[in-house]
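File shown here: protein-v2.cif, holding mmCIF, C-alpha atoms and all ligand atoms.
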data_model
loop_
_atom_site.label_atom_id
_atom_site.label_comp_id
_atom_site.auth_asym_id
_atom_site.auth_seq_id
_atom_site.Cartn_x
_atom_site.Cartn_y
_atom_site.Cartn_z
CA MET A 1 14.82 -18.18 -3.94
CA SER A 2 18.09 -16.32 -3.60
CA ILE A 3 18.85 -12.70 -4.42
CA ASN A 4 22.28 -11.20 -4.34
CA ASN A 5 21.28 -7.52 -3.89
CA LEU A 6 17.93 -6.12 -2.76
CA VAL A 7 17.73 -2.32 -3.05
CA VAL A 8 14.88 -0.65 -1.17
CA LEU A 9 14.07 2.93 -2.14
CA GLY A 10 12.25 4.33 0.90
CA SER A 11 12.70 2.25 4.05
CA GLY A 12 9.47 3.29 5.78
CA LEU A 13 6.88 0.88 7.15
CA ILE A 14 6.54 -1.17 3.98
CA GLY A 15 10.04 -0.84 2.50
CA GLY A 16 11.57 -1.51 5.93
CA SER A 17 9.29 -4.51 6.46
CA VAL A 18 10.24 -5.98 3.07
CA ALA A 19 13.94 -5.53 3.89
CA LYS A 20 13.53 -7.03 7.36
CA SER A 21 11.42 -9.96 6.10
CA ALA A 22 13.93 -10.74 3.33
CA ARG A 23 16.81 -10.78 5.79
CA GLU A 24 14.91 -12.91 8.28
CA ALA A 25 13.87 -15.33 5.53
CA GLY A 26 17.52 -15.60 4.45
CA VAL A 27 16.72 -15.01 0.78
CA VAL A 28 19.05 -12.09 0.18
CA ASN A 29 22.80 -11.58 0.55
CA ASN A 30 22.84 -7.81 0.70
CA VAL A 31 20.08 -5.33 1.60
CA ILE A 32 20.82 -1.75 0.51
CA VAL A 33 18.42 0.99 1.62
CA LEU A 34 18.24 4.41 0.02
CA ASN A 35 16.46 7.39 1.52
CA ARG A 36 16.48 11.15 1.00
CA GLN A 37 18.25 11.54 4.32
CA ILE A 38 21.21 9.29 5.06
CA GLU A 39 20.15 9.29 8.75
CA THR A 40 16.99 7.33 7.81
CA SER A 41 19.10 4.72 6.03
CA ASP A 42 21.60 4.62 8.90
CA ARG A 43 18.71 3.98 11.28
CA ALA A 44 17.62 0.99 9.15
CA VAL A 45 21.12 -0.46 9.43
CA ALA A 46 21.21 0.20 13.19
CA LEU A 47 17.86 -1.61 13.55
CA GLY A 48 19.27 -4.63 11.71
CA ILE A 49 16.93 -4.15 8.75
CA ALA A 50 19.61 -3.47 6.15
CA ASP A 51 23.31 -4.05 5.49
CA ILE A 52 24.18 -0.86 3.64
CA ALA A 53 22.86 2.72 4.06
CA LYS A 54 22.78 5.17 1.14
CA ASP A 55 21.07 8.40 0.09
CA TYR A 56 19.89 9.50 -3.38
CA SER A 57 23.19 11.22 -4.18
CA GLN A 58 24.64 7.67 -4.25
CA LEU A 59 21.99 6.16 -6.55
CA ALA A 60 24.33 5.92 -9.56
CA GLU A 61 26.99 4.13 -7.52
CA VAL A 62 24.39 1.69 -6.10
CA CYS A 63 22.89 0.96 -9.53
CA GLY A 64 26.36 0.45 -10.99
CA SER A 65 26.99 -2.34 -8.48
CA LEU A 66 23.86 -4.34 -9.45
CA GLY A 67 23.64 -7.31 -11.77
CA GLN A 68 21.31 -9.84 -13.40
CA GLY A 69 18.42 -10.91 -11.12
CA ASP A 70 19.00 -8.25 -8.44
CA LEU A 71 15.83 -6.55 -7.23
CA VAL A 72 15.05 -2.85 -6.80
CA LEU A 73 11.88 -2.12 -4.81
CA VAL A 74 10.26 1.33 -4.78
CA ALA A 75 8.40 1.99 -1.49
CA VAL A 76 7.70 5.74 -1.40
CA PRO A 77 4.42 7.73 -1.66
CA ILE A 78 2.85 7.40 -5.14
CA TYR A 79 3.54 10.95 -6.35
CA SER A 80 7.26 10.58 -5.59
CA TYR A 81 7.60 7.81 -8.18
CA ALA A 82 8.03 10.12 -11.18
CA SER A 83 11.32 11.61 -10.04
CA ILE A 84 12.61 8.19 -8.97
CA PHE A 85 11.75 6.66 -12.37
CA ASP A 86 13.42 9.64 -14.06
CA GLN A 87 16.64 8.96 -12.20
CA LEU A 88 16.54 5.16 -12.44
CA ALA A 89 15.82 5.08 -16.18
CA ASP A 90 19.38 6.08 -17.03
CA LEU A 91 21.06 4.13 -14.27
CA LEU A 92 19.54 0.68 -13.89
CA PRO A 93 21.60 -2.01 -15.66
CA ALA A 94 19.77 -4.48 -17.95
CA GLY A 95 18.62 -7.59 -16.12
CA VAL A 96 17.92 -5.84 -12.80
CA ILE A 97 14.28 -6.28 -11.82
CA LEU A 98 12.24 -3.27 -10.77
CA THR A 99 9.13 -3.65 -8.61
CA ASP A 100 7.18 -1.54 -6.13
CA VAL A 101 4.61 -1.63 -3.35
CA GLY A 102 2.39 1.34 -4.28
CA SER A 103 -1.25 1.11 -3.19
CA THR A 104 -2.61 2.19 -6.59
CA LYS A 105 -1.27 0.70 -9.79
CA ALA A 106 -2.52 2.68 -12.82
CA GLU A 107 -0.78 5.85 -11.62
CA VAL A 108 2.45 3.92 -11.05
CA VAL A 109 2.33 2.36 -14.51
CA ASN A 110 1.52 5.76 -16.09
CA ALA A 111 4.52 7.29 -14.28
CA ALA A 112 6.75 4.49 -15.55
CA ARG A 113 5.55 4.93 -19.14
CA GLU A 114 5.99 8.69 -18.97
CA HIS A 115 9.30 8.84 -17.14
CA TRP A 116 10.99 5.62 -18.16
CA GLN A 117 11.93 5.96 -21.79
CA GLY A 118 13.73 2.60 -21.99
CA ASP A 119 12.84 -1.07 -21.86
CA LEU A 120 10.12 -1.90 -19.32
CA SER A 121 10.41 -5.68 -19.59
CA TYR A 122 12.02 -5.98 -16.15
CA PHE A 123 9.32 -3.87 -14.47
CA VAL A 124 6.68 -5.80 -12.48
CA PRO A 125 4.43 -3.60 -10.29
CA GLY A 126 3.18 -5.05 -7.01
CA HIS A 127 1.14 -4.27 -3.92
CA PRO A 128 1.26 -6.14 -0.60
CA ILE A 129 -2.17 -6.21 1.04
CA ALA A 130 -0.66 -5.73 4.45
CA GLY A 131 0.24 -2.68 6.45
CA SER A 132 -1.00 -0.53 9.27
CA GLU A 133 -1.69 3.04 10.34
CA LYS A 134 1.94 3.32 11.48
CA SER A 135 4.70 4.72 9.35
CA GLY A 136 8.47 5.00 9.29
CA VAL A 137 11.36 2.60 9.62
CA GLU A 138 10.78 2.06 13.36
CA ALA A 139 7.46 0.37 12.54
CA SER A 140 9.10 -2.23 10.25
CA ASP A 141 7.86 -5.74 10.90
CA GLY A 142 9.61 -8.86 9.64
CA GLN A 143 6.37 -10.88 9.82
CA LEU A 144 4.12 -8.32 8.13
CA PHE A 145 3.57 -10.31 4.94
CA GLN A 146 3.17 -13.78 6.48
CA LYS A 147 -0.04 -15.37 5.17
CA ARG A 148 -1.11 -12.04 3.66
CA ARG A 149 -1.87 -11.50 0.01
CA THR A 150 0.39 -9.62 -2.34
CA ILE A 151 -1.04 -8.64 -5.71
CA ILE A 152 1.32 -8.32 -8.64
CA THR A 153 0.08 -6.49 -11.72
CA PRO A 154 2.44 -7.24 -14.62
CA ILE A 155 2.25 -4.88 -17.58
CA GLU A 156 2.24 -5.94 -21.26
CA GLU A 157 6.00 -5.63 -21.47
CA SER A 158 6.83 -7.53 -18.22
CA ALA A 159 9.06 -10.51 -19.04
CA GLU A 160 8.07 -13.96 -17.76
CA PHE A 161 11.42 -14.24 -15.94
CA ALA A 162 10.84 -10.96 -14.09
CA ILE A 163 7.24 -11.87 -13.16
CA ASN A 164 8.34 -15.24 -11.77
CA ARG A 165 11.17 -13.68 -9.80
CA VAL A 166 8.91 -11.07 -8.18
CA ARG A 167 6.30 -13.73 -7.38
CA ASP A 168 8.94 -16.06 -5.87
CA PHE A 169 10.33 -13.17 -3.84
CA TRP A 170 6.97 -12.37 -2.20
CA GLU A 171 6.27 -16.05 -1.59
CA SER A 172 9.64 -16.36 0.14
CA LEU A 173 8.44 -13.63 2.56
CA GLY A 174 5.39 -15.75 3.41
CA ALA A 175 2.90 -13.95 1.16
CA GLU A 176 0.22 -15.54 -1.01
CA VAL A 177 0.59 -14.02 -4.45
CA ASP A 178 -2.26 -13.17 -6.83
CA ILE A 179 -1.72 -11.84 -10.34
CA MET A 180 -4.17 -9.18 -11.42
CA ASP A 181 -4.79 -6.66 -14.17
CA VAL A 182 -3.86 -3.06 -13.21
CA THR A 183 -7.37 -1.60 -13.65
CA HIS A 184 -9.03 -4.46 -11.81
CA HIS A 185 -6.59 -4.04 -8.91
CA ASP A 186 -7.46 -0.35 -8.59
CA GLU A 187 -11.22 -1.04 -8.68
CA ILE A 188 -11.05 -3.72 -5.99
CA LEU A 189 -8.73 -1.73 -3.72
CA ALA A 190 -10.92 1.36 -4.05
CA ALA A 191 -13.71 -0.65 -2.42
CA THR A 192 -11.76 -2.61 0.18
CA SER A 193 -9.12 -0.12 1.28
CA HIS A 194 -9.43 3.38 -0.16
CA LEU A 195 -13.13 3.93 0.66
CA PRO A 196 -12.76 2.68 4.28
CA HIS A 197 -9.81 5.04 4.83
CA LEU A 198 -11.77 7.95 3.34
CA LEU A 199 -14.75 7.19 5.61
CA ALA A 200 -12.58 6.87 8.74
CA TYR A 201 -10.85 10.20 8.09
CA SER A 202 -14.16 11.88 7.25
CA LEU A 203 -15.97 10.54 10.34
CA VAL A 204 -13.24 11.76 12.69
CA ASP A 205 -13.13 15.10 10.89
CA SER A 206 -16.90 15.54 11.13
CA LEU A 207 -16.79 14.84 14.88
CA VAL A 208 -13.80 17.03 15.62
CA THR A 209 -15.55 20.04 14.10
CA LEU A 210 -18.66 19.60 16.32
CA ASP A 211 -19.14 22.14 19.15
CA GLN A 212 -19.18 19.27 21.67
CA SER A 213 -16.13 17.54 20.14
CA THR A 214 -14.19 17.37 23.43
CA GLU A 215 -17.08 15.56 25.08
CA VAL A 216 -17.62 13.31 22.05
CA PHE A 217 -14.01 12.11 22.14
CA ARG A 218 -14.08 11.72 25.95
CA TYR A 219 -16.93 9.22 25.69
CA ALA A 220 -15.75 7.50 22.52
CA ALA A 221 -15.32 3.78 23.17
CA GLY A 222 -14.50 0.52 21.37
CA GLY A 223 -16.74 1.09 18.35
CA PHE A 224 -15.17 4.45 17.64
CA ARG A 225 -11.69 2.99 18.17
CA ASP A 226 -12.32 0.05 15.79
CA PHE A 227 -13.88 2.19 13.09
CA THR A 228 -11.35 5.02 13.12
CA ARG A 229 -7.95 3.36 13.80
CA ILE A 230 -6.94 3.85 10.17
CA ALA A 231 -7.52 7.63 10.38
CA GLU A 232 -4.14 7.73 12.16
CA SER A 233 -2.48 6.77 8.85
CA ASP A 234 -0.14 9.16 7.08
CA PRO A 235 -2.11 12.01 5.39
CA VAL A 236 0.42 12.49 2.55
CA MET A 237 0.30 8.83 1.59
CA TRP A 238 -3.50 8.78 1.61
CA ARG A 239 -3.82 12.13 -0.17
CA ASP A 240 -1.77 10.59 -2.98
CA ILE A 241 -3.85 7.41 -3.04
CA PHE A 242 -7.22 9.22 -3.11
CA VAL A 243 -6.14 11.42 -6.03
CA ALA A 244 -4.24 8.71 -7.91
CA ASN A 245 -7.23 6.34 -7.82
CA ARG A 246 -9.83 9.09 -8.14
CA ASP A 247 -12.16 7.47 -10.70
CA ALA A 248 -12.47 4.09 -9.02
CA LEU A 249 -12.75 5.70 -5.58
CA LEU A 250 -15.51 8.09 -6.67
CA LYS A 251 -17.48 5.17 -8.11
CA GLN A 252 -17.31 3.38 -4.75
CA LEU A 253 -18.12 6.59 -2.88
CA GLU A 254 -21.24 7.13 -5.00
CA ASN A 255 -22.35 3.55 -4.34
CA PHE A 256 -21.77 4.09 -0.63
CA GLU A 257 -23.71 7.38 -0.65
CA GLU A 258 -26.71 5.60 -2.20
CA HIS A 259 -26.64 2.96 0.53
CA LEU A 260 -26.25 5.58 3.22
CA LYS A 261 -29.19 7.47 1.79
CA GLU A 262 -31.32 4.32 1.94
CA LEU A 263 -30.52 3.95 5.63
CA HIS A 264 -31.11 7.68 6.19
CA VAL A 265 -34.59 7.44 4.64
CA ALA A 266 -35.44 4.28 6.59
CA ILE A 267 -34.44 5.91 9.89
CA THR A 268 -36.36 9.10 9.03
CA ASP A 269 -39.46 6.99 8.28
CA GLY A 270 -39.02 4.73 11.31
CA ASP A 271 -38.98 1.85 8.79
CA THR A 272 -37.69 -0.82 11.18
CA GLN A 273 -38.05 -3.64 8.67
CA THR A 274 -35.73 -2.00 6.13
CA ILE A 275 -33.23 -0.98 8.82
CA GLU A 276 -33.16 -4.50 10.23
CA SER A 277 -32.74 -6.17 6.86
CA ILE A 278 -29.82 -3.87 5.94
CA LEU A 279 -28.12 -4.52 9.29
CA GLU A 280 -28.69 -8.29 9.06
CA ARG A 281 -27.24 -8.42 5.56
CA ALA A 282 -24.17 -6.46 6.69
CA GLN A 283 -23.76 -8.53 9.85
CA ALA A 284 -23.85 -11.81 7.89
CA ALA A 285 -21.28 -10.52 5.38
CA ARG A 286 -18.98 -9.27 8.16
CA LYS A 287 -19.18 -12.66 9.96
CA VAL A 288 -18.13 -14.49 6.80
CA PHE A 289 -15.23 -12.05 6.44
CA SER A 290 -14.13 -12.60 10.08
CA GLU A 291 -14.23 -16.37 9.71
CA THR A 292 -12.35 -16.53 6.44
CA SER A 293 -9.76 -13.73 6.50
CA PRO A 294 -6.41 -13.81 8.31
CA LYS A 295 -6.21 -11.59 11.42
CA ASN A 296 -3.97 -8.52 11.23
P1 LIG B 1 6.14 5.45 5.21
O1 LIG B 1 5.77 6.86 5.45
O2 LIG B 1 6.35 4.55 6.38
O3 LIG B 1 7.47 5.41 4.32
C1 LIG B 1 7.60 6.20 3.16
C2 LIG B 1 9.04 6.22 2.72
O4 LIG B 1 9.13 7.07 1.58
C3 LIG B 1 9.99 6.81 3.77
O5 LIG B 1 11.20 6.08 3.70
C4 LIG B 1 10.21 8.25 3.30
O6 LIG B 1 11.48 8.74 3.66
C5 LIG B 1 10.11 8.09 1.79
N1 LIG B 1 9.65 9.29 1.09
C6 LIG B 1 8.62 10.10 1.44
N2 LIG B 1 8.48 11.09 0.53
C7 LIG B 1 9.44 10.90 -0.39
C8 LIG B 1 9.83 11.59 -1.58
N3 LIG B 1 9.21 12.71 -1.96
N4 LIG B 1 10.88 11.11 -2.30
C9 LIG B 1 11.52 9.99 -1.91
N5 LIG B 1 11.21 9.29 -0.78
C10 LIG B 1 10.19 9.75 -0.06
O7 LIG B 1 5.05 4.88 4.20
P2 LIG B 1 4.68 3.37 3.85
O8 LIG B 1 3.45 3.02 4.59
O9 LIG B 1 5.86 2.51 3.95
O10 LIG B 1 4.23 3.57 2.32
C11 LIG B 1 5.14 3.45 1.24
C12 LIG B 1 4.40 2.92 0.03
O11 LIG B 1 3.77 1.68 0.39
C13 LIG B 1 3.31 3.84 -0.51
O12 LIG B 1 3.40 3.90 -1.92
C14 LIG B 1 2.02 3.14 -0.10
O13 LIG B 1 1.01 3.37 -1.04
C15 LIG B 1 2.43 1.68 -0.06
N6 LIG B 1 1.67 0.81 0.85
C16 LIG B 1 1.39 1.23 2.13
C17 LIG B 1 0.69 0.38 2.97
C18 LIG B 1 0.36 0.78 4.40
O14 LIG B 1 -0.53 0.17 5.03
N7 LIG B 1 1.05 1.74 4.97
C19 LIG B 1 0.29 -0.90 2.54
C20 LIG B 1 0.64 -1.30 1.25
C21 LIG B 1 1.33 -0.43 0.42
#

Please, can you express the file's structure as C-alpha cells?
Ligand code: NAD
Amino acid sequence: MSINNLVVLGSGLIGGSVAKSAREAGVVNNVIVLNRQIETSDRAVALGIADIAKDYSQLAEVCGSLGQGDLVLVAVPIYSYASIFDQLADLLPAGVILTDVGSTKAEVVNAAREHWQGDLSYFVPGHPIAGSEKSGVEASDGQLFQKRRTIITPIEESAEFAINRVRDFWESLGAEVDIMDVTHHDEILAATSHLPHLLAYSLVDSLVTLDQSTEVFRYAAGGFRDFTRIAESDPVMWRDIFVANRDALLKQLENFEEHLKELHVAITDGDTQTIESILERAQAARKVFSETSPKN
C-alpha cells in the first residue's frame, strides 16, 4: 500500500491518530492536515503527525494539488460534515478517494447525498472501532488501530477500486477490516457504543444532582471508575452521535429499559432467583467478551 497524499480534515484524536499511524507505517509520502485554526494544524506538524499544516481557507489549493489514488479523510463531528461536503464537492479532482471516520453512517451518507451533487463513486464511508474518552491532536496515538476493527460501509455508488483502496489503507494501519451495510452498522453501534455512552453520562448526571453528591464522589471507587470513564468524552461529539443515530439508539434504550425494569421488579419483590439468573447470564457473557476481545 502506498499513498502519495493523505489529507486529514480535522486532526483531533482520530484524525491525528490516522495521520500518525500512516506515517509510522510508512504508507504515505505526504500527510496534509487541515483544521479551522491553523494553530491546530501547526501543532500536528510540531508533534510529528503531519508534514504540511493548512486551514480551510487553503482547501482549494490543497485539493488542486491532489491526484489519482490520493486519500481525503474527514474526521470532524458528524454535524460538521455538511459544510465540508459542500466545499469539497466543487474542489475534489476526479480519482481522489474520500472517506471518513464518523461514528454513525446513515447521517454521513445522507449529508453526502444532500450536499455532494457530483459523482459519489470515490466515496467510501468508514468507522474505526477504536478511540477513547480523550480528544484533540495531543491525544493522537500511532498504535490506536492495531488489531482493532474498522468497519467500512460502501454505498451503492462506491467503486470497487475505491473500496479496495480504503480497505488496504486501514489494513496497513494494523486494523482488521469488516464491510457492512450502513443501516446494520448503525444498529450494531447503537447497542455496543452509543447506549453505553448514554448510560455512563446519565449515571454520572443522576449522581451529581443528588444532595449528597460530594460524598458520593468521595467514596466512588473502581466500579464507578470503570463504568463511567467514557462520560469524560467530548459532549459535542456525543450529542451529534445520539441525535444522528436517534432511531437505532432509542430502540436499544427501550430494550435496556425493559431489562432494567425486570431487575427493578425482582429487587422490589426480593426475588433472589430472578436476580441471580440475570446476573449469572450477564457475568457469563462479559467473561466471553473479556476472553475474546482485544484489550484497549
Ligand atoms: P476530536 O474532538 O479529538 O477532534 C475533532 C476534530 O474536528 C478537531 O480537529 C476539531 O478542530 C475539528 N472540528 C470540530 N468542530 C468542527 C467544525 N464545526 N468544523 C470543522 N472541524 C471541526 O474528536 P475525535 O474523537 O477525533 O472525533 C472525530 C470523529 O471521529 C467524529 O466524527 C467521531 O464520531 C469519530 N470517532 C470518534 C471516536 C472516539 O472514540 N473519539 C472513535 C471512532 C470515531

- Item | Shell of 8 Å around ligand LIG 1 (chain B) (all atoms listed in the file), written as a VMD selection string | chain A and resid 9 to 16 35 to 37 40 74 to 81 83 to 84 100 to 104 127 to 137 139 233 to 234 237 to 238 240 to 241

If you take every atom of segment 86-105 of chain A that the file lists and fit an axis-aligned box around them with 5 Å extra on each side, what centre and edge lengths come out in Å to one decimal, as AutoDock Vina command-line options?
--center_x 9.5 --center_y 1.0 --center_z -10.6 --size_x 34.2 --size_y 27.2 --size_z 24.8

- So which one's closest to Phe169 of chain A, A:Asp271, A:Asp70, A:Asp181, A:Glu138? Using all atoms listed in the file, please.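 Selected residue with least distance to Phe169 of chain A: A:Asp70.
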
- Item | Between atom CA of Leu198 of chain A and atom CA of Leu253 of chain A - distance in Å to one decimal |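 Separation of atom CA of Leu253 of chain A and atom CA of Leu198 of chain A: 9.0 Å.
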
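For the pair atom CA of Ile151 of chain A and atom CA of Arg239 of chain A, the separation is 21.7 Å.
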
Repaired coordinates for segment 178-207 of chain A (N, CA and C atoms) as a PDB file, in the frame of the given file:
ATOM      1  N   ASP A 178      -1.247 -13.152  -5.774  1.00  0.00           N
ATOM      2  CA  ASP A 178      -2.260 -13.170  -6.830  1.00  0.00           C
ATOM      3  C   ASP A 178      -1.777 -12.268  -7.955  1.00  0.00           C
ATOM      4  N   ILE A 179      -2.074 -12.684  -9.185  1.00  0.00           N
ATOM      5  CA  ILE A 179      -1.720 -11.840 -10.340  1.00  0.00           C
ATOM      6  C   ILE A 179      -3.003 -11.199 -10.854  1.00  0.00           C
ATOM      7  N   MET A 180      -2.960  -9.906 -11.067  1.00  0.00           N
ATOM      8  CA  MET A 180      -4.170  -9.180 -11.420  1.00  0.00           C
ATOM      9  C   MET A 180      -3.871  -8.088 -12.448  1.00  0.00           C
ATOM     10  N   ASP A 181      -4.891  -7.754 -13.224  1.00  0.00           N
ATOM     11  CA  ASP A 181      -4.790  -6.660 -14.170  1.00  0.00           C
ATOM     12  C   ASP A 181      -4.779  -5.321 -13.378  1.00  0.00           C
ATOM     13  N   VAL A 182      -4.035  -4.342 -13.897  1.00  0.00           N
ATOM     14  CA  VAL A 182      -3.860  -3.060 -13.210  1.00  0.00           C
ATOM     15  C   VAL A 182      -5.203  -2.392 -12.868  1.00  0.00           C
ATOM     16  N   THR A 183      -6.096  -2.298 -13.866  1.00  0.00           N
ATOM     17  CA  THR A 183      -7.370  -1.600 -13.650  1.00  0.00           C
ATOM     18  C   THR A 183      -8.224  -2.335 -12.625  1.00  0.00           C
ATOM     19  N   HIS A 184      -8.242  -3.661 -12.739  1.00  0.00           N
ATOM     20  CA  HIS A 184      -9.030  -4.460 -11.810  1.00  0.00           C
ATOM     21  C   HIS A 184      -8.514  -4.264 -10.374  1.00  0.00           C
ATOM     22  N   HIS A 185      -7.188  -4.283 -10.233  1.00  0.00           N
ATOM     23  CA  HIS A 185      -6.590  -4.040  -8.910  1.00  0.00           C
ATOM     24  C   HIS A 185      -7.112  -2.732  -8.323  1.00  0.00           C
ATOM     25  N   ASP A 186      -7.084  -1.672  -9.120  1.00  0.00           N
ATOM     26  CA  ASP A 186      -7.460  -0.350  -8.590  1.00  0.00           C
ATOM     27  C   ASP A 186      -8.945  -0.288  -8.233  1.00  0.00           C
ATOM     28  N   GLU A 187      -9.785  -1.017  -9.005  1.00  0.00           N
ATOM     29  CA  GLU A 187     -11.220  -1.040  -8.680  1.00  0.00           C
ATOM     30  C   GLU A 187     -11.473  -1.768  -7.358  1.00  0.00           C
ATOM     31  N   ILE A 188     -10.832  -2.923  -7.215  1.00  0.00           N
ATOM     32  CA  ILE A 188     -11.050  -3.720  -5.990  1.00  0.00           C
ATOM     33  C   ILE A 188     -10.517  -2.967  -4.770  1.00  0.00           C
ATOM     34  N   LEU A 189      -9.327  -2.406  -4.886  1.00  0.00           N
ATOM     35  CA  LEU A 189      -8.730  -1.730  -3.720  1.00  0.00           C
ATOM     36  C   LEU A 189      -9.469  -0.444  -3.365  1.00  0.00           C
ATOM     37  N   ALA A 190     -10.114   0.178  -4.362  1.00  0.00           N
ATOM     38  CA  ALA A 190     -10.920   1.360  -4.050  1.00  0.00           C
ATOM     39  C   ALA A 190     -12.020   0.980  -3.074  1.00  0.00           C
ATOM     40  N   ALA A 191     -12.599  -0.212  -3.276  1.00  0.00           N
ATOM     41  CA  ALA A 191     -13.710  -0.650  -2.420  1.00  0.00           C
ATOM     42  C   ALA A 191     -13.224  -1.149  -1.060  1.00  0.00           C
ATOM     43  N   THR A 192     -12.138  -1.919  -1.054  1.00  0.00           N
ATOM     44  CA  THR A 192     -11.760  -2.610   0.180  1.00  0.00           C
ATOM     45  C   THR A 192     -10.804  -1.811   1.059  1.00  0.00           C
ATOM     46  N   SER A 193     -10.116  -0.857   0.496  1.00  0.00           N
ATOM     47  CA  SER A 193      -9.120  -0.120   1.280  1.00  0.00           C
ATOM     48  C   SER A 193      -9.301   1.398   1.198  1.00  0.00           C
ATOM     49  N   HIS A 194      -9.443   1.917  -0.025  1.00  0.00           N
ATOM     50  CA  HIS A 194      -9.430   3.380  -0.160  1.00  0.00           C
ATOM     51  C   HIS A 194     -10.705   4.003   0.409  1.00  0.00           C
ATOM     52  N   LEU A 195     -11.876   3.399   0.103  1.00  0.00           N
ATOM     53  CA  LEU A 195     -13.130   3.930   0.660  1.00  0.00           C
ATOM     54  C   LEU A 195     -13.143   3.843   2.199  1.00  0.00           C
ATOM     55  N   PRO A 196     -12.788   2.707   2.812  1.00  0.00           N
ATOM     56  CA  PRO A 196     -12.760   2.680   4.280  1.00  0.00           C
ATOM     57  C   PRO A 196     -11.838   3.744   4.894  1.00  0.00           C
ATOM     58  N   HIS A 197     -10.689   3.995   4.292  1.00  0.00           N
ATOM     59  CA  HIS A 197      -9.810   5.040   4.830  1.00  0.00           C
ATOM     60  C   HIS A 197     -10.475   6.410   4.702  1.00  0.00           C
ATOM     61  N   LEU A 198     -11.093   6.652   3.551  1.00  0.00           N
ATOM     62  CA  LEU A 198     -11.770   7.950   3.340  1.00  0.00           C
ATOM     63  C   LEU A 198     -12.868   8.150   4.397  1.00  0.00           C
ATOM     64  N   LEU A 199     -13.643   7.074   4.651  1.00  0.00           N
ATOM     65  CA  LEU A 199     -14.750   7.190   5.610  1.00  0.00           C
ATOM     66  C   LEU A 199     -14.222   7.399   7.033  1.00  0.00           C
ATOM     67  N   ALA A 200     -13.135   6.711   7.385  1.00  0.00           N
ATOM     68  CA  ALA A 200     -12.580   6.870   8.740  1.00  0.00           C
ATOM     69  C   ALA A 200     -12.085   8.302   8.947  1.00  0.00           C
ATOM     70  N   TYR A 201     -11.339   8.819   7.968  1.00  0.00           N
ATOM     71  CA  TYR A 201     -10.850  10.200   8.090  1.00  0.00           C
ATOM     72  C   TYR A 201     -12.039  11.172   8.191  1.00  0.00           C
ATOM     73  N   SER A 202     -13.041  10.948   7.325  1.00  0.00           N
ATOM     74  CA  SER A 202     -14.160  11.880   7.250  1.00  0.00           C
ATOM     75  C   SER A 202     -15.003  11.843   8.523  1.00  0.00           C
ATOM     76  N   LEU A 203     -15.202  10.643   9.088  1.00  0.00           N
ATOM     77  CA  LEU A 203     -15.970  10.540  10.340  1.00  0.00           C
ATOM     78  C   LEU A 203     -15.268  11.308  11.461  1.00  0.00           C
ATOM     79  N   VAL A 204     -13.970  11.076  11.610  1.00  0.00           N
ATOM     80  CA  VAL A 204     -13.240  11.760  12.690  1.00  0.00           C
ATOM     81  C   VAL A 204     -13.292  13.270  12.459  1.00  0.00           C
ATOM     82  N   ASP A 205     -13.113  13.675  11.198  1.00  0.00           N
ATOM     83  CA  ASP A 205     -13.130  15.100  10.890  1.00  0.00           C
ATOM     84  C   ASP A 205     -14.485  15.723  11.190  1.00  0.00           C
ATOM     85  N   SER A 206     -15.567  14.984  10.884  1.00  0.00           N
ATOM     86  CA  SER A 206     -16.900  15.540  11.130  1.00  0.00           C
ATOM     87  C   SER A 206     -17.169  15.663  12.632  1.00  0.00           C
ATOM     88  N   LEU A 207     -16.587  14.765  13.426  1.00  0.00           N
ATOM     89  CA  LEU A 207     -16.790  14.840  14.880  1.00  0.00           C
ATOM     90  C   LEU A 207     -15.921  15.917  15.521  1.00  0.00           C
TER      91      LEU A 207
END
